[in-house]
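K.L.:
Sharing a structure below in structure tokens format, with a few things to ask.
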Amino acid sequence: MAERGKGLVRTLLWAVLAAGAMTLLAALGLVYRLDQTASDLLYQRRTPQDGEIVLVGMDDRAIAEFGPFTTWTRDLYAQAIEALNASEDCRPAAIAIDVLFTGENDPDLDAWLAEAAAEYGNVIAASAYTFGRDMVQRADGTYSYEDFSILEEGSAVPYDALREAATLCHINVMADDDGLLRHHLLRVQPPGGAEIPSLALAAANLYRAYVGGEPVTEPPVDQRGFWYLPYNGLPGDFDEGISLADVVLGEIEPDFFAGRIVLIGPYAAGMQDAYFTANSHAKQMYGIEIHANALQALLWGDYKKEAGDTVQLAVLFGLLLLAFLGFRRRRVLIATALWAALCGGWLLLCVVCASQGLLLHALWVPLGVTVLYVVCIALNYIQSAMEKQRVTNTFKRYVDPSVIRELLRDGSESLDLGGKLTDIAVLFVDIRGFTTMSEVLTPPQIVEILNQYLTLTTQCVMDNHGTLDKFVGDCTMAIWNAPLPQEDYVMNACKAAMAMVEGSRPLAEKLQKEYGRTVSFGVGVNVGPAVVGNIGAPMRMDYTAIGDTVNTAARLEANAPGGTVYVSRAVADALGDRARVTSLGDTIKLKGKREGFEVLRLEEILEP
């Protein structure tokens, strides 16, 4: 009982260490990229848009019509605003321009753009801010450094007249650590100024005001103000093929834009405003499309909140601890079923929680469980093999007395490495069905069955004056005519083989009755020259035989069905008419033997 208790403590300790190691990997972010990729596949869903958002692209057609983007003047945008608001009865709910108008250029053109924005009241102008580490003043008057502070240097806001005429927004987009846009910054707080909403939030609230509704319900944000963005469209899904040139040149009727949200922004590869996103890892999405996805999510109120890592790490550790204990010392089928249940159950839980607005790490549990599953299966296999080897090694201590006598007779020289070429008969016998049986029985039952089998084979070898060479797993090897010369040693080997086959029948019936499983023996016998002696190393040697004769006997046994003895032609010739054999010709192909090697089945020993 004490030893069993120690075993349980050791198993529990290993479980804690294994679960802790995998949990630490997740906590350190070493599986971050894999987890985020799996989460994107699970949580990002492509859904149809409701048609309230219209993209007006600053695209290749506009560049062909108006020249390179860098040469465009602000009157072009003023003309676009006026064209969109041409009809009093069908104006857009909001017009957001994803372009920075910083500093004053041409006074007349600057005034034109600002006046157009002020006249219609539905224009949203963009600003962009640079973030970094800076000293900030807290509410209590103290100062401290913050890593995510707005820096004056590098930030860009519209020129004064436009800032006063339009609704101000920010167009900052920031990628996660893996370079993908997965979160959206809801608003920013410039030092000493009012909060600035994102382009999507500003456009959503203008739209709600246009239709007489309340401002949108805002999504949950983290401590820096980011919210998880559930993309509903892939690159190109919001595109209706409308160019800024179409709007400015009046090629689209104004009522097409009535009551809708118009987003104007770069839509050409050369403008360097494209990013990889959570729902499109392989193809970049234009910035204006990203704002459209955020805007659509805000209008729908389709928000997701990411569960805290602390709670998820605690759950991960608990599940991995249970998984290790469940996998350890279990059969492969049971362990595999448990693995599938844990992985599948977690993914199902992720889907259910996501439908309720809560996002879990999709890969933490499946990856951790899979690693522990593989480790435990390997440990189970190694431990099973070691236990089987320990059982086999126990019986290796039993050596035929003739070997001991030979050692005593020859003195210390017999303990040295070396051997001599001797004609011997070699027998190999193996249990058929033992591996399958060992997978379903307990270790004590396996040892008991192996004991009975080895007792039978050993007794048959000893009764017929053979030398028990070794046990290799559930295989027995014996030799005749060594270490001492024997008369009629081939007959003795064959008598032992037939005795094993006969003795296996009552043993099989006994095992069937006790364990519901049965076994049978396959036996191979060969005769010929082999090197016999002490083989190995000075610190560990075995008295054994090696050579082609031995290998051929092993090949015969490997091919012999249960309850059958296969012999070579040399054995059959040595027996002569004292045995009845059936030639199988060369229909049995022995590994490593040339074509035409004859195999015979030993049917009966005719000599009493």
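Every chain in the structure tokens has a letter given in the order shown (A, B, ...), and although residue numbers restart at 1 in each chain, ligands are simply numbered from 1 in the order shown.
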Using only C-alpha atoms, determine which residues lie at most 12 Å from Ala362 of chain A, disregarding the query and same-chain residues fewer than 3 positions distant; provide the list as JSON, numbers by chain.
P.N.:
{"A": [26, 31, 32, 33, 34, 35, 36, 37, 38, 39, 40, 41, 42, 43, 306, 307, 312, 316, 343, 344, 345, 346, 347, 348, 349, 350, 351, 352, 353, 354, 358, 359, 365, 366, 367, 368]}
K.L.:
Please identify the helix (DSSP H, G or I) residues within segment 466-577 of chain A (assignment by DSSP from backbone atoms) and present them as an MDAnalysis selection string.
P.N.:
chainID A and resid 489:515 548:559 569:577
K.L.:
What lies within 8 Å of segment 248-261 of chain A using only C-alpha atoms, ignoring chain neighbours under 3 positions off, as a list in words?
P.N.:
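After dropping sequence-adjacent residues, the list is Glu52, Ile53, Val54, Leu76, Gln79, Ala80, Ala83, Leu84, Asn85, Ala86, Ser87, Asp89, Cys90, Arg91, Pro92, Ala93, Ala94, Ile95, Ala96, Ala203, Tyr207, Tyr210, Leu244 and Ala245 of chain A.
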K.L.:
Between A:Leu575, A:Val440, A:Ile377, A:Val519, which has the minimum distance to Gly563 of chain A (counting only C-alpha atoms)?
P.N.:
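Distance minimum relative to Gly563 of chain A lands on A:Val519.
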K.L.:
With the cut-off set at 7 Å and counting only C-alpha atoms, tabulate each residue of segment 131-209 of chain A with an atom at most that distance from an atom of segment 114-124 of chain A, showing the nearest atom pair and its distance in Å to one decimal, ordered by chain and increasing number, as JSON lines.
P.N.:
{"residue": "A:Ala161", "atom": "CA", "partner": "A:Ala114", "partner_atom": "CA", "distance": 5.8}
{"residue": "A:Leu162", "atom": "CA", "partner": "A:Ala114", "partner_atom": "CA", "distance": 4.6}
{"residue": "A:Ala165", "atom": "CA", "partner": "A:Ala118", "partner_atom": "CA", "distance": 4.5}
{"residue": "A:Ala166", "atom": "CA", "partner": "A:Val123", "partner_atom": "CA", "distance": 5.4}
{"residue": "A:Thr167", "atom": "CA", "partner": "A:Ile124", "partner_atom": "CA", "distance": 4.6}
{"residue": "A:Leu168", "atom": "CA", "partner": "A:Ile124", "partner_atom": "CA", "distance": 5.8}
{"residue": "A:Cys169", "atom": "CA", "partner": "A:Ile124", "partner_atom": "CA", "distance": 6.7}
K.L.:
Using only all heavy atoms, please write the residues we just selected to a file, as a PDB file, in the first residue's frame.
P.N.:
ATOM      1  N   ALA A 161      -9.770  75.772 -40.061  1.00  0.00           N
ATOM      2  CA  ALA A 161     -11.096  76.028 -40.625  1.00  0.00           C
ATOM      3  C   ALA A 161     -11.859  74.731 -40.846  1.00  0.00           C
ATOM      4  O   ALA A 161     -13.071  74.652 -40.575  1.00  0.00           O
ATOM      5  CB  ALA A 161     -10.950  76.790 -41.944  1.00  0.00           C
ATOM      6  N   LEU A 162     -11.192  73.700 -41.315  1.00  0.00           N
ATOM      7  CA  LEU A 162     -11.871  72.426 -41.562  1.00  0.00           C
ATOM      8  C   LEU A 162     -12.209  71.740 -40.241  1.00  0.00           C
ATOM      9  O   LEU A 162     -13.277  71.131 -40.098  1.00  0.00           O
ATOM     10  CB  LEU A 162     -10.987  71.520 -42.422  1.00  0.00           C
ATOM     11  CG  LEU A 162     -11.586  70.155 -42.761  1.00  0.00           C
ATOM     12  CD1 LEU A 162     -12.894  70.319 -43.540  1.00  0.00           C
ATOM     13  CD2 LEU A 162     -10.597  69.307 -43.560  1.00  0.00           C
ATOM     14  N   ALA A 165     -15.336  73.182 -39.041  1.00  0.00           N
ATOM     15  CA  ALA A 165     -16.509  72.989 -39.895  1.00  0.00           C
ATOM     16  C   ALA A 165     -17.008  71.551 -39.907  1.00  0.00           C
ATOM     17  O   ALA A 165     -18.200  71.311 -40.125  1.00  0.00           O
ATOM     18  CB  ALA A 165     -16.171  73.429 -41.329  1.00  0.00           C
ATOM     19  N   ALA A 166     -16.123  70.576 -39.687  1.00  0.00           N
ATOM     20  CA  ALA A 166     -16.494  69.168 -39.826  1.00  0.00           C
ATOM     21  C   ALA A 166     -16.459  68.463 -38.479  1.00  0.00           C
ATOM     22  O   ALA A 166     -15.931  68.985 -37.482  1.00  0.00           O
ATOM     23  CB  ALA A 166     -15.539  68.480 -40.810  1.00  0.00           C
ATOM     24  N   THR A 167     -17.032  67.295 -38.454  1.00  0.00           N
ATOM     25  CA  THR A 167     -16.912  66.415 -37.287  1.00  0.00           C
ATOM     26  C   THR A 167     -15.531  65.778 -37.335  1.00  0.00           C
ATOM     27  O   THR A 167     -15.133  65.192 -38.352  1.00  0.00           O
ATOM     28  CB  THR A 167     -17.990  65.319 -37.305  1.00  0.00           C
ATOM     29  OG1 THR A 167     -19.283  65.936 -37.269  1.00  0.00           O
ATOM     30  CG2 THR A 167     -17.825  64.379 -36.125  1.00  0.00           C
ATOM     31  N   LEU A 168     -14.804  65.865 -36.236  1.00  0.00           N
ATOM     32  CA  LEU A 168     -13.432  65.363 -36.208  1.00  0.00           C
ATOM     33  C   LEU A 168     -13.411  63.899 -35.778  1.00  0.00           C
ATOM     34  O   LEU A 168     -14.121  63.490 -34.860  1.00  0.00           O
ATOM     35  CB  LEU A 168     -12.586  66.193 -35.248  1.00  0.00           C
ATOM     36  CG  LEU A 168     -11.071  65.933 -35.258  1.00  0.00           C
ATOM     37  CD1 LEU A 168     -10.481  66.221 -36.637  1.00  0.00           C
ATOM     38  CD2 LEU A 168     -10.384  66.770 -34.184  1.00  0.00           C
ATOM     39  N   CYS A 169     -12.570  63.110 -36.437  1.00  0.00           N
ATOM     40  CA  CYS A 169     -12.403  61.696 -36.080  1.00  0.00           C
ATOM     41  C   CYS A 169     -10.920  61.342 -36.191  1.00  0.00           C
ATOM     42  O   CYS A 169     -10.128  62.117 -36.710  1.00  0.00           O
ATOM     43  CB  CYS A 169     -13.214  60.800 -37.011  1.00  0.00           C
ATOM     44  SG  CYS A 169     -12.483  60.635 -38.673  1.00  0.00           S
TER      45      CYS A 169
END
K.L.:
Rounded to one decimal place, report the atom CA of Ile446 of chain A-atom CA of Gln383 of chain A distance in Å.
P.N.:
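Taking atom CA of Ile446 of chain A as the start and atom CA of Gln383 of chain A as the end point, the length is 14.2 Å.
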K.L.:
Show which residues sit within 8 Å of Glu607 of chain A, as JSON, numbers by chain. Count only C-alpha atoms, and ignore same-chain residues fewer than 2 positions away.
P.N.:
{"A": [578, 579, 605]}
K.L.:
What parts of segment 345-592 of chain A does DSSP call strand (DSSP E or B)? I'd like the answer as a PyMOL selection string.
P.N.:
chain A and resi 358-359+418-432+467-472+475-480+520-537+540-546+564-568+579-583
K.L.:
Between A:Ala27, A:Val571, A:Val262, A:Ile479, single out the one closest to Thr544 of chain A, counting only C-alpha atoms.
P.N.:
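Under the stated criterion, the closest residue is A:Ile479.
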K.L.:
For segment 214-224 of chain A, please output as a ChimeraX atom specification all residues within 8 Å (counting only C-alpha atoms; exclusion window: fewer than 3 positions along the same chain).
P.N.:
/A:148,186,204-205,208-209,227-228,298-299,301,303-305
K.L.:
Include all heavy atoms and write out the residues we just selected as a compact mmCIF listing (two decimals), in the first residue's frame.
P.N.:
# COMPACT_ATOMS: atom_id res chain seq x y z
N PHE A 148 1.63 54.27 -23.65
CA PHE A 148 0.66 54.48 -24.73
C PHE A 148 0.08 55.88 -24.61
O PHE A 148 -1.09 56.08 -24.34
CB PHE A 148 -0.45 53.42 -24.63
CG PHE A 148 -1.27 53.30 -25.89
CD1 PHE A 148 -0.73 52.78 -27.05
CD2 PHE A 148 -2.59 53.71 -25.91
CE1 PHE A 148 -1.50 52.66 -28.20
CE2 PHE A 148 -3.37 53.61 -27.06
CZ PHE A 148 -2.81 53.09 -28.21
N LEU A 186 -11.28 52.72 -30.31
CA LEU A 186 -12.58 53.38 -30.33
C LEU A 186 -12.47 54.90 -30.32
O LEU A 186 -13.17 55.58 -31.08
CB LEU A 186 -13.41 52.91 -29.13
CG LEU A 186 -14.88 53.35 -29.13
CD1 LEU A 186 -15.63 52.74 -30.31
CD2 LEU A 186 -15.56 52.98 -27.82
N ALA A 204 -21.06 56.29 -37.43
CA ALA A 204 -22.22 55.55 -36.90
C ALA A 204 -23.16 56.50 -36.15
O ALA A 204 -24.39 56.42 -36.30
CB ALA A 204 -21.75 54.42 -35.99
N ASN A 205 -22.61 57.39 -35.35
CA ASN A 205 -23.46 58.30 -34.57
C ASN A 205 -24.11 59.37 -35.45
O ASN A 205 -25.24 59.79 -35.19
CB ASN A 205 -22.65 58.93 -33.45
CG ASN A 205 -22.43 57.97 -32.29
OD1 ASN A 205 -23.25 57.08 -32.06
ND2 ASN A 205 -21.32 58.13 -31.58
N ARG A 208 -27.01 57.56 -36.94
CA ARG A 208 -28.09 57.40 -35.98
C ARG A 208 -28.84 58.72 -35.79
O ARG A 208 -30.07 58.74 -35.68
CB ARG A 208 -27.55 56.90 -34.64
CG ARG A 208 -27.17 55.42 -34.66
CD ARG A 208 -28.41 54.54 -34.79
NE ARG A 208 -28.10 53.14 -34.80
CZ ARG A 208 -27.94 52.40 -33.70
NH1 ARG A 208 -28.04 52.95 -32.51
NH2 ARG A 208 -27.66 51.12 -33.81
N ALA A 209 -28.12 59.83 -35.74
CA ALA A 209 -28.77 61.13 -35.61
C ALA A 209 -29.62 61.44 -36.84
O ALA A 209 -30.71 62.02 -36.74
CB ALA A 209 -27.72 62.21 -35.39
N TRP A 227 -11.13 47.63 -28.97
CA TRP A 227 -12.19 46.63 -28.92
C TRP A 227 -11.97 45.61 -30.03
O TRP A 227 -11.39 45.91 -31.07
CB TRP A 227 -13.58 47.24 -29.02
CG TRP A 227 -13.83 48.08 -30.24
CD1 TRP A 227 -13.33 49.32 -30.52
CD2 TRP A 227 -14.69 47.74 -31.36
NE1 TRP A 227 -13.80 49.78 -31.72
CE2 TRP A 227 -14.63 48.84 -32.25
CE3 TRP A 227 -15.48 46.65 -31.68
CZ2 TRP A 227 -15.36 48.85 -33.45
CZ3 TRP A 227 -16.20 46.67 -32.86
CH2 TRP A 227 -16.13 47.75 -33.74
N TYR A 228 -12.40 44.38 -29.77
CA TYR A 228 -12.22 43.30 -30.74
C TYR A 228 -13.15 43.55 -31.93
O TYR A 228 -14.35 43.73 -31.76
CB TYR A 228 -12.54 41.96 -30.10
CG TYR A 228 -12.33 40.78 -31.02
CD1 TYR A 228 -11.08 40.19 -31.14
CD2 TYR A 228 -13.38 40.26 -31.76
CE1 TYR A 228 -10.88 39.11 -31.99
CE2 TYR A 228 -13.19 39.19 -32.61
CZ TYR A 228 -11.93 38.62 -32.72
OH TYR A 228 -11.75 37.54 -33.57
N LEU A 298 -20.46 48.44 -35.41
CA LEU A 298 -21.05 49.40 -34.48
C LEU A 298 -22.53 49.59 -34.74
O LEU A 298 -23.34 49.71 -33.79
CB LEU A 298 -20.32 50.75 -34.60
CG LEU A 298 -18.88 50.79 -34.07
CD1 LEU A 298 -18.18 52.06 -34.52
CD2 LEU A 298 -18.88 50.69 -32.54
N LEU A 299 -22.94 49.63 -35.99
CA LEU A 299 -24.35 49.79 -36.31
C LEU A 299 -25.16 48.57 -35.87
O LEU A 299 -26.31 48.70 -35.44
CB LEU A 299 -24.52 50.01 -37.81
CG LEU A 299 -23.99 51.35 -38.37
CD1 LEU A 299 -24.14 51.39 -39.88
CD2 LEU A 299 -24.72 52.54 -37.73
N GLY A 301 -24.21 46.53 -33.43
CA GLY A 301 -23.99 46.19 -32.01
C GLY A 301 -23.43 44.80 -31.85
O GLY A 301 -23.64 44.14 -30.83
N TYR A 303 -20.79 42.87 -30.84
CA TYR A 303 -19.56 43.01 -30.08
C TYR A 303 -19.15 41.69 -29.44
O TYR A 303 -20.00 40.87 -29.05
CB TYR A 303 -19.72 44.07 -28.99
CG TYR A 303 -20.20 45.41 -29.51
CD1 TYR A 303 -21.16 46.15 -28.81
CD2 TYR A 303 -19.69 45.94 -30.70
CE1 TYR A 303 -21.58 47.39 -29.28
CE2 TYR A 303 -20.11 47.16 -31.18
CZ TYR A 303 -21.07 47.88 -30.47
OH TYR A 303 -21.50 49.10 -30.95
N LYS A 304 -17.85 41.52 -29.31
CA LYS A 304 -17.29 40.38 -28.61
C LYS A 304 -16.32 40.87 -27.56
O LYS A 304 -15.58 41.83 -27.78
CB LYS A 304 -16.54 39.45 -29.58
CG LYS A 304 -17.29 39.07 -30.84
CD LYS A 304 -18.48 38.18 -30.54
CE LYS A 304 -19.17 37.76 -31.85
NZ LYS A 304 -20.40 36.99 -31.61
N LYS A 305 -16.30 40.20 -26.41
CA LYS A 305 -15.37 40.55 -25.34
C LYS A 305 -14.43 39.37 -25.13
O LYS A 305 -14.88 38.23 -24.99
CB LYS A 305 -16.13 40.86 -24.05
CG LYS A 305 -15.20 41.23 -22.89
CD LYS A 305 -16.00 41.59 -21.66
CE LYS A 305 -15.10 41.84 -20.46
NZ LYS A 305 -14.13 42.94 -20.69
